[in-house]
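*Asks:* Data file my_file-v8.cif (mmCIF, N, CA and C atoms) is appended below.
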```cif
data_work
#
loop_
_atom_site.label_atom_id
_atom_site.label_comp_id
_atom_site.auth_asym_id
_atom_site.auth_seq_id
_atom_site.Cartn_x
_atom_site.Cartn_y
_atom_site.Cartn_z
N MET A 9 -72.34 -16.77 -33.34
CA MET A 9 -71.69 -15.75 -32.54
C MET A 9 -70.26 -16.23 -32.27
N SER A 10 -69.33 -15.33 -32.40
CA SER A 10 -67.93 -15.70 -32.21
C SER A 10 -67.60 -15.84 -30.73
N LEU A 11 -66.58 -16.60 -30.44
CA LEU A 11 -66.17 -16.86 -29.06
C LEU A 11 -65.76 -15.59 -28.32
N PRO A 12 -64.98 -14.69 -28.92
CA PRO A 12 -64.62 -13.46 -28.19
C PRO A 12 -65.83 -12.61 -27.81
N VAL A 13 -66.84 -12.55 -28.66
CA VAL A 13 -68.05 -11.77 -28.34
C VAL A 13 -68.80 -12.45 -27.19
N LEU A 14 -68.91 -13.76 -27.23
CA LEU A 14 -69.59 -14.49 -26.16
C LEU A 14 -68.87 -14.30 -24.82
N VAL A 15 -67.56 -14.37 -24.81
CA VAL A 15 -66.77 -14.17 -23.59
C VAL A 15 -66.99 -12.75 -23.07
N ALA A 16 -67.00 -11.77 -23.96
CA ALA A 16 -67.22 -10.38 -23.55
C ALA A 16 -68.60 -10.21 -22.92
N ILE A 17 -69.61 -10.82 -23.51
CA ILE A 17 -70.97 -10.72 -22.97
C ILE A 17 -71.03 -11.33 -21.57
N VAL A 18 -70.40 -12.49 -21.38
CA VAL A 18 -70.40 -13.15 -20.07
C VAL A 18 -69.67 -12.29 -19.04
N VAL A 19 -68.52 -11.76 -19.39
CA VAL A 19 -67.74 -10.94 -18.46
C VAL A 19 -68.52 -9.68 -18.07
N VAL A 20 -69.12 -9.01 -19.03
CA VAL A 20 -69.91 -7.82 -18.74
C VAL A 20 -71.12 -8.17 -17.88
N GLY A 21 -71.79 -9.28 -18.17
CA GLY A 21 -72.95 -9.70 -17.38
C GLY A 21 -72.61 -9.99 -15.94
N ILE A 22 -71.53 -10.71 -15.73
CA ILE A 22 -71.09 -11.01 -14.35
C ILE A 22 -70.69 -9.72 -13.63
N SER A 23 -70.00 -8.84 -14.31
CA SER A 23 -69.59 -7.57 -13.70
C SER A 23 -70.80 -6.74 -13.29
N LEU A 24 -71.82 -6.70 -14.15
CA LEU A 24 -73.03 -5.94 -13.81
C LEU A 24 -73.74 -6.54 -12.61
N CYS A 25 -73.75 -7.87 -12.50
CA CYS A 25 -74.37 -8.51 -11.33
C CYS A 25 -73.62 -8.16 -10.06
N VAL A 26 -72.30 -8.18 -10.10
CA VAL A 26 -71.50 -7.85 -8.92
C VAL A 26 -71.73 -6.40 -8.51
N VAL A 27 -71.76 -5.48 -9.47
CA VAL A 27 -72.01 -4.07 -9.18
C VAL A 27 -73.40 -3.88 -8.60
N ALA A 28 -74.40 -4.56 -9.15
CA ALA A 28 -75.77 -4.44 -8.64
C ALA A 28 -75.87 -4.92 -7.20
N VAL A 29 -75.23 -6.04 -6.88
CA VAL A 29 -75.25 -6.55 -5.50
C VAL A 29 -74.58 -5.55 -4.57
N HIS A 30 -73.46 -5.00 -4.98
CA HIS A 30 -72.75 -4.03 -4.14
C HIS A 30 -73.57 -2.77 -3.91
N LEU A 31 -74.18 -2.25 -4.97
CA LEU A 31 -74.95 -1.01 -4.85
C LEU A 31 -76.24 -1.18 -4.05
N THR A 32 -76.77 -2.39 -3.98
CA THR A 32 -77.99 -2.62 -3.20
C THR A 32 -77.69 -3.03 -1.77
N GLY A 33 -76.42 -2.97 -1.35
CA GLY A 33 -76.07 -3.24 0.04
C GLY A 33 -75.68 -4.67 0.33
N GLY A 34 -75.53 -5.50 -0.68
CA GLY A 34 -75.21 -6.90 -0.46
C GLY A 34 -73.82 -7.15 0.09
N SER A 35 -72.91 -6.19 -0.07
CA SER A 35 -71.55 -6.37 0.43
C SER A 35 -71.32 -5.62 1.75
N ARG A 36 -72.37 -5.03 2.30
CA ARG A 36 -72.25 -4.27 3.55
C ARG A 36 -72.16 -5.23 4.73
N LEU A 37 -71.28 -4.95 5.66
CA LEU A 37 -71.17 -5.73 6.89
C LEU A 37 -71.88 -5.00 8.02
N ALA A 38 -72.82 -5.66 8.64
CA ALA A 38 -73.58 -5.06 9.73
C ALA A 38 -72.76 -5.06 11.01
N THR A 39 -73.04 -4.10 11.87
CA THR A 39 -72.48 -4.08 13.22
C THR A 39 -73.59 -3.70 14.18
N LEU A 40 -73.39 -4.04 15.42
CA LEU A 40 -74.35 -3.68 16.47
C LEU A 40 -73.93 -2.33 17.04
N GLU A 41 -74.83 -1.38 17.04
CA GLU A 41 -74.50 -0.03 17.50
C GLU A 41 -74.30 0.03 19.02
N GLY A 42 -74.87 -0.90 19.73
CA GLY A 42 -74.75 -0.91 21.18
C GLY A 42 -75.65 -1.99 21.75
N ALA A 43 -75.73 -2.01 23.08
CA ALA A 43 -76.53 -3.02 23.75
C ALA A 43 -78.01 -2.91 23.37
N GLU A 44 -78.51 -1.69 23.24
CA GLU A 44 -79.92 -1.50 22.88
C GLU A 44 -80.23 -2.06 21.49
N ASP A 45 -79.30 -1.90 20.57
CA ASP A 45 -79.47 -2.42 19.22
C ASP A 45 -79.49 -3.95 19.25
N ALA A 46 -78.61 -4.55 20.04
CA ALA A 46 -78.59 -6.01 20.17
C ALA A 46 -79.90 -6.53 20.77
N VAL A 47 -80.40 -5.85 21.78
CA VAL A 47 -81.66 -6.25 22.41
C VAL A 47 -82.80 -6.13 21.41
N ARG A 48 -82.81 -5.07 20.63
CA ARG A 48 -83.87 -4.88 19.63
C ARG A 48 -83.88 -6.03 18.61
N HIS A 49 -82.71 -6.40 18.11
CA HIS A 49 -82.63 -7.51 17.15
C HIS A 49 -83.04 -8.83 17.81
N PHE A 50 -82.63 -9.03 19.04
CA PHE A 50 -82.96 -10.27 19.74
C PHE A 50 -84.47 -10.37 19.97
N HIS A 51 -85.07 -9.27 20.38
CA HIS A 51 -86.51 -9.27 20.67
C HIS A 51 -87.38 -9.39 19.42
N GLN A 52 -86.81 -9.17 18.24
CA GLN A 52 -87.57 -9.41 17.01
C GLN A 52 -87.91 -10.89 16.89
N ASP A 53 -86.99 -11.76 17.31
CA ASP A 53 -87.21 -13.21 17.22
C ASP A 53 -87.71 -13.82 18.52
N PHE A 54 -87.33 -13.23 19.64
CA PHE A 54 -87.71 -13.76 20.96
C PHE A 54 -88.28 -12.63 21.81
N PRO A 55 -89.49 -12.18 21.51
CA PRO A 55 -90.03 -10.99 22.18
C PRO A 55 -90.34 -11.18 23.67
N ASP A 56 -90.54 -12.39 24.12
CA ASP A 56 -90.93 -12.62 25.52
C ASP A 56 -89.76 -12.90 26.45
N GLU A 57 -88.54 -12.90 25.93
CA GLU A 57 -87.38 -13.21 26.76
C GLU A 57 -86.94 -12.00 27.57
N ALA A 58 -86.70 -12.23 28.86
CA ALA A 58 -86.16 -11.18 29.73
C ALA A 58 -84.64 -11.25 29.70
N ILE A 59 -84.02 -10.15 29.39
CA ILE A 59 -82.56 -10.09 29.26
C ILE A 59 -81.99 -9.44 30.50
N ARG A 60 -81.05 -10.12 31.14
CA ARG A 60 -80.42 -9.59 32.36
C ARG A 60 -79.24 -8.67 32.03
N THR A 61 -78.31 -9.17 31.23
CA THR A 61 -77.13 -8.36 30.86
C THR A 61 -76.80 -8.60 29.39
N VAL A 62 -76.13 -7.63 28.80
CA VAL A 62 -75.68 -7.72 27.41
C VAL A 62 -74.19 -7.44 27.39
N ARG A 63 -73.45 -8.31 26.69
CA ARG A 63 -72.00 -8.12 26.55
C ARG A 63 -71.66 -8.17 25.06
N LEU A 64 -71.13 -7.06 24.55
CA LEU A 64 -70.76 -6.95 23.15
C LEU A 64 -69.30 -7.30 22.95
N THR A 65 -68.99 -7.94 21.81
CA THR A 65 -67.59 -8.18 21.47
C THR A 65 -66.96 -6.86 21.05
N ALA A 66 -65.64 -6.83 21.03
CA ALA A 66 -64.92 -5.60 20.71
C ALA A 66 -65.22 -5.10 19.30
N ASP A 67 -65.46 -6.01 18.35
CA ASP A 67 -65.75 -5.59 16.98
C ASP A 67 -67.22 -5.27 16.76
N ARG A 68 -68.04 -5.39 17.79
CA ARG A 68 -69.48 -5.09 17.76
C ARG A 68 -70.23 -5.93 16.73
N ARG A 69 -69.76 -7.17 16.52
CA ARG A 69 -70.44 -8.06 15.58
C ARG A 69 -71.19 -9.17 16.29
N THR A 70 -71.00 -9.32 17.61
CA THR A 70 -71.68 -10.36 18.37
C THR A 70 -72.04 -9.81 19.74
N ALA A 71 -73.22 -10.22 20.23
CA ALA A 71 -73.65 -9.86 21.58
C ALA A 71 -74.11 -11.13 22.28
N PHE A 72 -73.68 -11.28 23.52
CA PHE A 72 -74.10 -12.39 24.38
C PHE A 72 -74.98 -11.81 25.47
N MET A 73 -76.13 -12.46 25.69
CA MET A 73 -77.10 -11.95 26.65
C MET A 73 -77.43 -13.03 27.67
N GLU A 74 -77.37 -12.65 28.92
CA GLU A 74 -77.75 -13.57 30.00
C GLU A 74 -79.27 -13.60 30.10
N LEU A 75 -79.83 -14.82 30.01
CA LEU A 75 -81.28 -15.01 30.08
C LEU A 75 -81.63 -15.84 31.31
N ASP A 76 -82.92 -15.91 31.61
CA ASP A 76 -83.39 -16.76 32.72
C ASP A 76 -83.15 -18.23 32.40
N GLY A 77 -83.04 -19.03 33.44
CA GLY A 77 -82.90 -20.47 33.27
C GLY A 77 -81.52 -20.93 32.85
N GLY A 78 -80.48 -20.12 33.07
CA GLY A 78 -79.13 -20.52 32.72
C GLY A 78 -78.87 -20.54 31.22
N ARG A 79 -79.69 -19.84 30.46
CA ARG A 79 -79.53 -19.81 29.02
C ARG A 79 -78.81 -18.54 28.59
N THR A 80 -78.26 -18.58 27.38
CA THR A 80 -77.56 -17.43 26.82
C THR A 80 -78.16 -17.09 25.47
N GLY A 81 -78.52 -15.84 25.28
CA GLY A 81 -78.99 -15.37 23.99
C GLY A 81 -77.82 -14.81 23.21
N ILE A 82 -77.83 -15.05 21.92
CA ILE A 82 -76.73 -14.57 21.07
C ILE A 82 -77.31 -13.85 19.87
N VAL A 83 -76.74 -12.69 19.56
CA VAL A 83 -77.02 -11.98 18.32
C VAL A 83 -75.68 -11.84 17.62
N GLN A 84 -75.60 -12.35 16.39
CA GLN A 84 -74.36 -12.26 15.64
C GLN A 84 -74.66 -11.79 14.22
N THR A 85 -73.78 -10.97 13.68
CA THR A 85 -73.96 -10.47 12.33
C THR A 85 -73.41 -11.47 11.32
N PHE A 86 -74.10 -11.61 10.22
CA PHE A 86 -73.64 -12.39 9.07
C PHE A 86 -73.92 -11.55 7.85
N GLY A 87 -72.87 -10.94 7.30
CA GLY A 87 -73.07 -10.01 6.20
C GLY A 87 -73.85 -8.81 6.70
N ASP A 88 -74.97 -8.52 6.06
CA ASP A 88 -75.78 -7.39 6.50
C ASP A 88 -77.01 -7.85 7.28
N ARG A 89 -77.01 -9.08 7.73
CA ARG A 89 -78.12 -9.67 8.47
C ARG A 89 -77.69 -10.05 9.89
N PHE A 90 -78.68 -10.47 10.70
CA PHE A 90 -78.41 -10.83 12.08
C PHE A 90 -78.94 -12.23 12.37
N LEU A 91 -78.14 -13.03 13.05
CA LEU A 91 -78.54 -14.35 13.51
C LEU A 91 -78.82 -14.25 15.00
N THR A 92 -79.95 -14.76 15.43
CA THR A 92 -80.27 -14.77 16.87
C THR A 92 -80.49 -16.21 17.30
N ARG A 93 -79.98 -16.54 18.46
CA ARG A 93 -80.13 -17.89 19.00
C ARG A 93 -80.20 -17.84 20.51
N ILE A 94 -80.79 -18.90 21.06
CA ILE A 94 -80.74 -19.13 22.50
C ILE A 94 -79.98 -20.42 22.69
N ILE A 95 -78.93 -20.36 23.50
CA ILE A 95 -78.04 -21.49 23.73
C ILE A 95 -78.16 -21.94 25.18
N THR A 96 -78.23 -23.25 25.38
CA THR A 96 -78.17 -23.83 26.72
C THR A 96 -76.79 -24.45 26.91
N PRO A 97 -76.35 -24.68 28.13
CA PRO A 97 -75.05 -25.29 28.35
C PRO A 97 -74.90 -26.65 27.66
N GLN A 98 -75.99 -27.39 27.48
CA GLN A 98 -75.91 -28.70 26.84
C GLN A 98 -75.56 -28.59 25.36
N GLU A 99 -75.77 -27.44 24.75
CA GLU A 99 -75.49 -27.24 23.33
C GLU A 99 -74.05 -26.80 23.07
N VAL A 100 -73.26 -26.63 24.13
CA VAL A 100 -71.88 -26.18 24.00
C VAL A 100 -70.97 -27.41 24.01
N ALA A 101 -70.23 -27.60 22.92
CA ALA A 101 -69.29 -28.72 22.84
C ALA A 101 -68.02 -28.40 23.62
N SER A 102 -67.53 -27.19 23.50
CA SER A 102 -66.34 -26.78 24.26
C SER A 102 -66.31 -25.27 24.36
N ALA A 103 -65.69 -24.80 25.41
CA ALA A 103 -65.49 -23.36 25.61
C ALA A 103 -64.25 -23.17 26.44
N LEU A 104 -63.44 -22.21 26.05
CA LEU A 104 -62.23 -21.94 26.83
C LEU A 104 -61.85 -20.49 26.73
N HIS A 105 -61.11 -20.08 27.73
CA HIS A 105 -60.57 -18.73 27.79
C HIS A 105 -59.30 -18.78 26.95
N ALA A 106 -59.32 -18.16 25.77
CA ALA A 106 -58.23 -18.30 24.80
C ALA A 106 -57.24 -17.14 24.83
N GLY A 107 -57.22 -16.40 25.89
CA GLY A 107 -56.31 -15.27 26.00
C GLY A 107 -57.02 -14.11 26.67
N PRO A 108 -56.31 -13.01 26.87
CA PRO A 108 -56.94 -11.85 27.51
C PRO A 108 -58.14 -11.35 26.71
N GLY A 109 -59.31 -11.47 27.28
CA GLY A 109 -60.52 -10.99 26.65
C GLY A 109 -61.03 -11.84 25.50
N VAL A 110 -60.49 -13.02 25.29
CA VAL A 110 -60.87 -13.85 24.15
C VAL A 110 -61.48 -15.17 24.63
N VAL A 111 -62.61 -15.53 24.04
CA VAL A 111 -63.30 -16.77 24.34
C VAL A 111 -63.41 -17.58 23.05
N SER A 112 -63.11 -18.85 23.11
CA SER A 112 -63.30 -19.74 21.98
C SER A 112 -64.41 -20.72 22.34
N ILE A 113 -65.47 -20.74 21.53
CA ILE A 113 -66.64 -21.56 21.82
C ILE A 113 -66.96 -22.42 20.61
N ARG A 114 -67.21 -23.71 20.85
CA ARG A 114 -67.71 -24.61 19.81
C ARG A 114 -69.07 -25.13 20.24
N PHE A 115 -70.03 -25.05 19.33
CA PHE A 115 -71.38 -25.53 19.61
C PHE A 115 -71.60 -26.88 18.95
N ARG A 116 -72.52 -27.64 19.49
CA ARG A 116 -72.86 -28.95 18.93
C ARG A 116 -73.71 -28.84 17.66
N ASP A 117 -74.30 -27.69 17.42
CA ASP A 117 -75.16 -27.47 16.26
C ASP A 117 -74.31 -27.39 14.99
N PHE A 118 -74.59 -28.23 14.01
CA PHE A 118 -73.79 -28.24 12.79
C PHE A 118 -74.04 -27.02 11.91
N THR A 119 -75.14 -26.29 12.14
CA THR A 119 -75.42 -25.12 11.32
C THR A 119 -74.61 -23.89 11.75
N TRP A 120 -74.10 -23.92 12.97
CA TRP A 120 -73.23 -22.84 13.43
C TRP A 120 -72.26 -23.43 14.43
N SER A 121 -71.02 -23.54 14.03
CA SER A 121 -70.03 -24.23 14.86
C SER A 121 -69.48 -23.38 15.99
N GLY A 122 -69.68 -22.06 15.97
CA GLY A 122 -69.16 -21.20 17.03
C GLY A 122 -68.06 -20.31 16.50
N GLY A 123 -67.04 -20.05 17.32
CA GLY A 123 -65.93 -19.21 16.88
C GLY A 123 -65.16 -18.63 18.03
N ARG A 124 -64.28 -17.68 17.70
CA ARG A 124 -63.48 -16.95 18.68
C ARG A 124 -64.10 -15.57 18.82
N PHE A 125 -64.32 -15.17 20.06
CA PHE A 125 -64.98 -13.90 20.33
C PHE A 125 -64.08 -13.08 21.24
N ALA A 126 -63.69 -11.90 20.77
CA ALA A 126 -62.80 -11.01 21.52
C ALA A 126 -63.61 -9.89 22.15
N PHE A 127 -63.39 -9.67 23.43
CA PHE A 127 -64.08 -8.62 24.18
C PHE A 127 -63.07 -7.55 24.58
N ALA A 128 -63.55 -6.34 24.77
CA ALA A 128 -62.68 -5.25 25.20
C ALA A 128 -62.14 -5.50 26.61
N GLU A 129 -62.93 -6.15 27.45
CA GLU A 129 -62.56 -6.41 28.83
C GLU A 129 -62.51 -7.91 29.10
N ASP A 130 -61.51 -8.35 29.82
CA ASP A 130 -61.39 -9.76 30.17
C ASP A 130 -62.55 -10.21 31.07
N GLN A 131 -63.10 -9.27 31.85
CA GLN A 131 -64.24 -9.60 32.72
C GLN A 131 -65.45 -10.04 31.90
N ASP A 132 -65.65 -9.42 30.75
CA ASP A 132 -66.77 -9.81 29.88
C ASP A 132 -66.57 -11.22 29.34
N ALA A 133 -65.35 -11.56 28.96
CA ALA A 133 -65.06 -12.91 28.48
C ALA A 133 -65.34 -13.94 29.57
N GLY A 134 -64.90 -13.64 30.79
CA GLY A 134 -65.16 -14.55 31.91
C GLY A 134 -66.63 -14.68 32.22
N ALA A 135 -67.35 -13.59 32.12
CA ALA A 135 -68.79 -13.63 32.40
C ALA A 135 -69.54 -14.44 31.35
N VAL A 136 -69.12 -14.35 30.09
CA VAL A 136 -69.75 -15.16 29.04
C VAL A 136 -69.48 -16.64 29.30
N LEU A 137 -68.25 -16.98 29.64
CA LEU A 137 -67.95 -18.38 29.97
C LEU A 137 -68.77 -18.85 31.16
N GLN A 138 -68.85 -18.04 32.18
CA GLN A 138 -69.63 -18.42 33.36
C GLN A 138 -71.10 -18.56 33.00
N GLY A 139 -71.60 -17.70 32.15
CA GLY A 139 -72.98 -17.79 31.71
C GLY A 139 -73.27 -19.08 30.96
N LEU A 140 -72.28 -19.58 30.28
CA LEU A 140 -72.42 -20.86 29.59
C LEU A 140 -72.13 -22.03 30.53
N GLN A 141 -71.87 -21.72 31.80
CA GLN A 141 -71.54 -22.69 32.85
C GLN A 141 -70.30 -23.51 32.50
N LEU A 142 -69.37 -22.85 31.87
CA LEU A 142 -68.09 -23.47 31.52
C LEU A 142 -66.96 -22.52 31.89
N ALA A 143 -67.02 -22.00 33.10
CA ALA A 143 -66.11 -20.91 33.48
C ALA A 143 -64.70 -21.38 33.79
N ARG A 144 -64.48 -22.69 33.95
CA ARG A 144 -63.11 -23.14 34.24
C ARG A 144 -62.22 -22.83 33.06
N ARG A 145 -61.17 -22.09 33.28
CA ARG A 145 -60.31 -21.63 32.19
C ARG A 145 -59.55 -22.76 31.52
N ASP A 146 -59.38 -23.88 32.17
CA ASP A 146 -58.62 -24.98 31.59
C ASP A 146 -59.51 -26.03 30.92
N ARG A 147 -60.78 -25.78 30.81
CA ARG A 147 -61.71 -26.78 30.28
C ARG A 147 -61.62 -26.84 28.76
N VAL A 148 -61.36 -28.00 28.23
CA VAL A 148 -61.32 -28.23 26.80
C VAL A 148 -61.94 -29.59 26.56
N GLU A 149 -62.93 -29.65 25.67
CA GLU A 149 -63.55 -30.92 25.31
C GLU A 149 -63.43 -31.15 23.82
N ALA A 150 -63.43 -32.39 23.43
CA ALA A 150 -63.34 -32.71 22.00
C ALA A 150 -64.70 -32.64 21.36
#
```
Have the structure of the file written as structure tokens, please.

*Replies:*
Amino acid sequence: MSLPVLVAIVVVGISLCVVAVHLTGGSRLATLEGAEDAVRHFHQDFPDEAIRTVRLTADRRTAFMELDGGRTGIVQTFGDRFLTRIITPQEVASALHAGPGVVSIRFRDFTWSGGRFAFAEDQDAGAVLQGLQLARRDRVEA
């Protein structure tokens, strides 16, 4: 088989794989439709947890939930899937108020380092920090 034919076969094969993934929803980005949707996803993994409040980020890709015992439940989208976790204050490496309505959080877990989360209201950002028991705006840890 000649090299140009082999290259053409490889290019067509890769293109068909990319199209198949796209058509089956592999490139779709999930969002949370609202607080009820976040609670539904959270309860799929943690059905016995009582949720006090739900705070959605402005892009509707992450929800923070106040739980009993000073814990925080998190639902975050990854592609077209959802990650759910329960975080305790001991699992937070650092958290700070990074601007109006913005929280920057780093977790000690190497599988998910955290990120910057923007809320529509600055009160929601403050409440998330307080829920993580790191409400001091000047707190920064290495």

*Asks:* Got a sec: who's within 9 Å of region 24-41 of chain A, counting only C-alpha atoms, leaving out chain neighbours fewer than 4 positions off, as a PDB file with N, CA and C atoms, in the frame of the given file?

*Replies:*
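Once written, around-v9.pdb looks like this:
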```pdb
ATOM      1  N   VAL A  19     -68.520 -11.760 -19.390  1.00  0.00           N
ATOM      2  CA  VAL A  19     -67.740 -10.940 -18.460  1.00  0.00           C
ATOM      3  C   VAL A  19     -68.520  -9.680 -18.070  1.00  0.00           C
ATOM      4  N   VAL A  20     -69.120  -9.010 -19.030  1.00  0.00           N
ATOM      5  CA  VAL A  20     -69.910  -7.820 -18.740  1.00  0.00           C
ATOM      6  C   VAL A  20     -71.120  -8.170 -17.880  1.00  0.00           C
ATOM      7  N   ASP A  45     -79.300  -1.900  20.570  1.00  0.00           N
ATOM      8  CA  ASP A  45     -79.470  -2.420  19.220  1.00  0.00           C
ATOM      9  C   ASP A  45     -79.490  -3.950  19.250  1.00  0.00           C
ATOM     10  N   ALA A  46     -78.610  -4.550  20.040  1.00  0.00           N
ATOM     11  CA  ALA A  46     -78.590  -6.010  20.170  1.00  0.00           C
ATOM     12  C   ALA A  46     -79.900  -6.530  20.770  1.00  0.00           C
ATOM     13  N   LEU A  64     -71.130  -7.060  24.550  1.00  0.00           N
ATOM     14  CA  LEU A  64     -70.760  -6.950  23.150  1.00  0.00           C
ATOM     15  C   LEU A  64     -69.300  -7.300  22.950  1.00  0.00           C
ATOM     16  N   ASP A  67     -65.460  -6.010  18.350  1.00  0.00           N
ATOM     17  CA  ASP A  67     -65.750  -5.590  16.980  1.00  0.00           C
ATOM     18  C   ASP A  67     -67.220  -5.270  16.760  1.00  0.00           C
ATOM     19  N   ARG A  68     -68.040  -5.390  17.790  1.00  0.00           N
ATOM     20  CA  ARG A  68     -69.480  -5.090  17.760  1.00  0.00           C
ATOM     21  C   ARG A  68     -70.230  -5.930  16.730  1.00  0.00           C
ATOM     22  N   ARG A  69     -69.760  -7.170  16.520  1.00  0.00           N
ATOM     23  CA  ARG A  69     -70.440  -8.060  15.580  1.00  0.00           C
ATOM     24  C   ARG A  69     -71.190  -9.170  16.290  1.00  0.00           C
ATOM     25  N   THR A  70     -71.000  -9.320  17.610  1.00  0.00           N
ATOM     26  CA  THR A  70     -71.680 -10.360  18.370  1.00  0.00           C
ATOM     27  C   THR A  70     -72.040  -9.810  19.740  1.00  0.00           C
ATOM     28  N   ALA A  71     -73.220 -10.220  20.230  1.00  0.00           N
ATOM     29  CA  ALA A  71     -73.650  -9.860  21.580  1.00  0.00           C
ATOM     30  C   ALA A  71     -74.110 -11.130  22.280  1.00  0.00           C
ATOM     31  N   VAL A  83     -76.740 -12.690  19.560  1.00  0.00           N
ATOM     32  CA  VAL A  83     -77.020 -11.980  18.320  1.00  0.00           C
ATOM     33  C   VAL A  83     -75.680 -11.840  17.620  1.00  0.00           C
ATOM     34  N   GLN A  84     -75.600 -12.350  16.390  1.00  0.00           N
ATOM     35  CA  GLN A  84     -74.360 -12.260  15.640  1.00  0.00           C
ATOM     36  C   GLN A  84     -74.660 -11.790  14.220  1.00  0.00           C
ATOM     37  N   THR A  85     -73.780 -10.970  13.680  1.00  0.00           N
ATOM     38  CA  THR A  85     -73.960 -10.470  12.330  1.00  0.00           C
ATOM     39  C   THR A  85     -73.410 -11.470  11.320  1.00  0.00           C
ATOM     40  N   PHE A  86     -74.100 -11.610  10.220  1.00  0.00           N
ATOM     41  CA  PHE A  86     -73.640 -12.390   9.070  1.00  0.00           C
ATOM     42  C   PHE A  86     -73.920 -11.550   7.850  1.00  0.00           C
ATOM     43  N   GLY A  87     -72.870 -10.940   7.300  1.00  0.00           N
ATOM     44  CA  GLY A  87     -73.070 -10.010   6.200  1.00  0.00           C
ATOM     45  C   GLY A  87     -73.850  -8.810   6.700  1.00  0.00           C
ATOM     46  N   ASP A  88     -74.970  -8.520   6.060  1.00  0.00           N
ATOM     47  CA  ASP A  88     -75.780  -7.390   6.500  1.00  0.00           C
ATOM     48  C   ASP A  88     -77.010  -7.850   7.280  1.00  0.00           C
ATOM     49  N   ARG A  89     -77.010  -9.080   7.730  1.00  0.00           N
ATOM     50  CA  ARG A  89     -78.120  -9.670   8.470  1.00  0.00           C
ATOM     51  C   ARG A  89     -77.690 -10.050   9.890  1.00  0.00           C
ATOM     52  N   PHE A  90     -78.680 -10.470  10.700  1.00  0.00           N
ATOM     53  CA  PHE A  90     -78.410 -10.830  12.080  1.00  0.00           C
ATOM     54  C   PHE A  90     -78.940 -12.230  12.370  1.00  0.00           C
TER      55      PHE A  90
END
```

*Asks:* Assuming 6 Å of padding per side, give the centre and edge lengths of the axis-aligned box around every listed atom of region 83-98 of chain A, in Å to one decimal and as lines of an AutoDock Vina configuration file.

*Replies:*
```
center_x = -76.8
center_y = -18.0
center_z = 17.2
size_x = 19.9
size_y = 33.3
size_z = 34.3
```

*Asks:* Could you tell me how far atom N of Asp130 (chain A) sits from atom C of Arg116 (chain A), in Å to one decimal place?

*Replies:*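 For atom C of Arg116 (chain A) relative to atom N of Asp130 (chain A), the distance reads 26.8 Å.
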
*Asks:* Using CA of Gln131 (chain A) and atom N of Glu99 (chain A) as the two end points, give the distance in Å to one decimal.

*Replies:*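 These atoms are spaced 22.7 Å apart.
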
*Asks:* Can you work out the spacing between atom N of Ala133 (chain A) and CA of Ser102 (chain A) in Å, to one decimal?

*Replies:*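 Interatomic distance, atom N of Ala133 (chain A) to CA of Ser102 (chain A): 16.0 Å.
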